[in-house]
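**Student:** To start, I am sharing the structure in question, which I have written as structure tokens.
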Amino acid sequence: MNIFEKIHPNINIREIPTDSLAYLGDAVFNLFIKLQYFKKTSAYNLHKKTQDFVNRKHQAELLDRIFPLLTDEEINFVKRGINSKGAGRYGNDPAYRKSTGFEVLIGYLYLTDHERLFELLKGVLE
């Protein structure tokens with residue numbers, strides 16, 4: 001049984017605010033990274049490893065790597081994130097804007113297509 005399938009909300013993805021998708025995407029990506037490494041390390045090292053992956057610089061780099069693989073619909077959600085009010089919080093920091101776009105993509109895929117989400121994340125982390 002997958003607990004996340006049991007609590008999956010029944011919503012229209014287009015009605016979710018972009019910053020909410022980014023918030024969800026950040027949580028999903030953080031959990032994904034922790035689950036990839038938790039068997040292999042201590043809690044302290046798990047925290048350090050997670051910090052290496054879950055930050056604006058690394059997420060911006062990941063977005064650059066997967067961007068050519070994205071569908072038009074996925075690119076639209078990335079652009080929503082890059083241009084969102086939340087992404088402008090740090091002015092014109094390109095890494096922060098891209099990382100927000102990445103998080104929106106992760107949130108969108110979590111709500112719409114778990115297989116695609118897993119495919120993209122495993123591909124960039126190998």
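By order in the structure tokens, chains are A, B, ...; within a chain, residues start at 1; ligands start at 1, following the order shown.
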Pick out the residues sitting within 8 Å of region 77-90 of chain A, and hand them over as a list in words; count only C-alpha atoms, and ignore anything fewer than 5 positions along from it in its own chain.
**Tutor:**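 These residues fall inside the cut-off: Thr18, Asp19, Ala22, Tyr96, Arg97, Lys98, Ser99, Thr100, Gly101, Phe102, Glu103, Val104, Leu105 and Tyr108 of chain A.
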**Student:** Any idea what's packed within 8 Å of Asp26 (chain A), counting only C-alpha atoms, ignoring anything in its chain fewer than 5 positions away? Could you give it as a ChimeraX atom specification?
**Tutor:** /A:54,103,106-107
**Student:** At what distance in Å, to one decimal, does CA of Tyr23 (chain A) lie from CA of Gln36 (chain A)?
**Tutor:**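 A separation of 20.3 Å between them.
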**Student:** When distances are computed from only C-alpha atoms, which of A:Gly25, A:Asp72, A:Thr41, A:Thr112 shows the smallest separation from Ile11 (chain A)?
**Tutor:**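 Closest candidate: A:Thr112.
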**Student:** When DSSP works through the backbone of this structure, what residues of region 36-89 of chain A end up as helix (DSSP H, G or I), shown as a PyMOL selection string?
**Tutor:** chain A and resi 36-40+43-53+56-69+72-82+86-89
**Student:** Between CA of His114 (chain A) and CA of Leu31 (chain A), measure the distance and give it in Å to one decimal.
**Tutor:**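 Interatomic distance here is 14.0 Å.
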**Student:** If we count only C-alpha atoms, what is near Ile33 (chain A) at a cut-off of 10 Å, once residues fewer than 3 positions away on the same chain are taken out, given as a list in words?
**Tutor:**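 The contact residues come out as Val28, Phe29, Asn30, Gln36, Tyr37, Phe38, Leu46, Lys49, Thr50, Gln51, Asp52, Phe53, Val54, Leu121 and Leu125 of chain A.
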**Student:** If I take CA of Ala95 (chain A) and CA of Ile16 (chain A), how far is one from the other in Å, to one decimal?
**Tutor:**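 Value for the CA of Ala95 (chain A)-CA of Ile16 (chain A) distance: 23.3 Å.
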**Student:** Between A:Ala60, A:Ile66, A:Glu74, A:Lys34, which residue has the minimum interatomic distance to Lys48 (chain A), considering only C-alpha atoms?
**Tutor:**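 Checking each candidate against Lys48 (chain A), we get A:Lys34 as the closest.
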